[in-house]
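Trainee: Quick one: the structure is below, questions incoming.
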Amino acid sequence: MEVEIISREFIKPSSPTPSHLRTYKISLLDQFAPHLYFAHLVFYPANEISVSETSEVLKQSLSKTLALYYPLAGKANDSLSIDCDDKGACYINARVNGKLRDYLKQPTLPTLAKVLPQEACKEVPPGARVAVIQENLFSCGCIAIAFVFPHSFMDGAALSGVMRTWASFARDPNDGALFPDFTASSIFRQNTTSVPQNSTSLTPAIVGKGEFVVKRFVFDGSVINSLKDKAIGSGVQNPTRVEVVSGLLLKCLKSALMVKSGNPKSIYVTNTVNMRGKAVPPFSKSSVGNFLWLTSILSQGEDTELCTFVRQMREAISAINGDLVKRLEGDGGLKILSEFMKEFGESCSNALSKGAEVLGTNSWCNAGFYEADFGWGKPLWIPIIIDLAKPPPLFFMYLTDTRHGNGIEAWVVLEEEVMTLVEHHKELLSFASVDPSPLEIGLLKSNL
């Protein structure tokens, strides 16, 4: 299945950016994020309007969106700022010589990469456009929209706001939009003299040495309810979807590591948390930037009880509160962030020295990505885009909603030998399907 690039152009904002907003500075927490192009890919069903009209609707509504999210129409000055020059986002129009139903039968990272701009997952060089969008039209009329932007500009929650605003303008140019809040850099003040140690500096200490693979584990909403009932029976109060799915996957990973090594293995679990709701008063949900913080726990090798895992994670997350956020604000933020990174690195190294494995986790559940309806229906499928060259040599677990919202799709990266044991774990197979075609999730065949 080949993809042909038809045209490239720049979509400018529908109204000019005021001169005093010409330079956009990222925040201290943004400095902590990878300065890489992050890729977001969304598949949509066919619609009743013509190809040219569909493309025009997307471009006009994008133009209105760029007037609000003006840095997306700019270029990268360096790793610390964006020149909001209004020259526009790069817009690529492409054609796929095949039907979406065939493309989605068994998608892989290489096939997903075919409908992404070449910038995806690469470093953002000075002078590069901030946003790159690729509109992919399949021969059946279905569409895949790829949206690429620097992770150092915004996180997943902010991206969801962009996509929903763009979709809202497409449905109705006069519709109400989610007005972005760009106060992050004034809250978490940028530091240009002593940048905090980046999370990627921890990578050499925790990378694996074997071949790593990616598998998707899909949990239906009814199955998750059963998992919740099971968790309640073991003493967990008001378990969430993310907690029970994460707990089950952690339990199965521990079992696999036990089989591989012959001994119980502890796992140092890191979790990325959205701080917007942790501040007092809470930050706006439309805040643009990286409002993220890391928590960590050490799950002891012999402990496989879900209630213990949930208790540990809840306790770790409770430390991210209004007091912590307040200390990160202003000139004292760098000191707090630097101290945290030092403690985080030491605790990780200590766990590794005792033979523990490291598992990173991140959840996009409840972010509202499936609410981005451009007027021809909600998204059919939104995959997680992991490094396209090959999976990173790290144990990682990404959770996201399924199309119906009450299910969860877990994208798991593990060493190949460990993954083989996990994907054949009887308890996991009783709750999840492994690498199902997206066509089978929520019976999408009728839409294609």
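In the structure tokens, each chain is lettered A, B, ... as it comes, each chain's residues begin at 1, and ligands are numbered from 1 in order of appearance.
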For the strand (DSSP E or B) assignment from backbone DSSP, which residues of range 124-337 of chain A qualify? Please present them as a PyMOL selection string.

Mentor: chain A and resi 129+132-138+143-150+181+212-219+267-274+287+292-299

Trainee: Could the residues of range 175-283 of chain A that have an atom at most 7 Å from range 304-316 of chain A be listed as CSV, each with its closest atom pair and the distance in Å to one decimal, counting only C-alpha atoms and ordered by chain and ascending residue number?

Mentor:
residue,atom,partner,partner_atom,distance
A:Ala231,CA,A:Leu306,CA,6.7
A:Ser234,CA,A:Cys307,CA,6.4
A:Gly235,CA,A:Cys307,CA,6.1
A:Val236,CA,A:Cys307,CA,5.3
A:Glu243,CA,A:Val310,CA,6.4
A:Gly247,CA,A:Leu306,CA,5.6
A:Lys251,CA,A:Thr304,CA,5.6

Trainee: Residues of the last selection are to be written out with C-alpha atoms, as a PDB file, in the first residue's frame.

Mentor:
ATOM      1  CA  ALA A 231     -10.398  -5.403  42.786  1.00  0.00           C
ATOM      2  CA  SER A 234      -9.586  -7.645  47.294  1.00  0.00           C
ATOM      3  CA  GLY A 235     -10.015  -4.409  49.229  1.00  0.00           C
ATOM      4  CA  VAL A 236      -9.654  -1.624  46.628  1.00  0.00           C
ATOM      5  CA  GLU A 243      -5.772   1.253  38.012  1.00  0.00           C
ATOM      6  CA  GLY A 247      -2.449  -3.626  38.012  1.00  0.00           C
ATOM      7  CA  LYS A 251       0.993  -8.689  37.789  1.00  0.00           C
TER       8      LYS A 251
END

Trainee: With only C-alpha atoms as the basis for distance, which of A:Asn290, A:Ser50, A:Asn350, A:Ser63 is at the shortest distance from Phe10 in chain A?

Mentor: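 Closest candidate: A:Ser63.
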
Trainee: With distances taken over only C-alpha atoms, which of A:Ser61, A:Ser437, A:Ser81, A:Gln31 is nearest to Asn191 in chain A?

Mentor: A:Gln31

Trainee: With only C-alpha atoms as the basis for distance, which of A:Leu257, A:Ile5, A:Ala157, A:Met419 is at the shortest distance from Phe369 in chain A?

Mentor: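 Of the candidates, the smallest distance to Phe369 in chain A is held by A:Ala157.
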
Trainee: So which residues touch range 106-113 of chain A within 12 Å, counting only C-alpha atoms, skipping near sequence neighbours fewer than 6 positions away, as a PyMOL selection string?

Mentor: chain A and resi 1-3+39-43+96+100+119-121+134+136+144-146+213-216+381-391+411+434-440

Trainee: Which residue gives the smallest distance to Glu53 in chain A among A:Ala432, A:Ala170, A:Gln300, A:Ala184, with only C-alpha atoms counted?

Mentor: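 Looking only at the distances to Glu53 in chain A, the closest residue turns out to be A:Ala170.
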
Trainee: To one decimal place, how far is CA of Lys326 in chain A from CA of Leu294 in chain A in Å?

Mentor: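 Going from CA of Lys326 in chain A over to CA of Leu294 in chain A covers 16.3 Å.
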
Trainee: Find the residues near Arg129 in chain A: any atom within 8 Å, counting only C-alpha atoms, skip ones fewer than 4 places away on the same chain, and give them as a PyMOL selection string.

Mentor: chain A and resi 72-76+88-90

Trainee: Nearest to Asn225 in chain A: which of A:Ala372, A:Ala356, A:Ile408, A:Val51 is it, counting only C-alpha atoms?

Mentor: A:Ile408

Trainee: Calculate how many Å separate CA of Val130 in chain A from CA of Pro150 in chain A, rounding to one decimal.

Mentor: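 One can read the CA of Val130 in chain A to CA of Pro150 in chain A distance as 6.6 Å.
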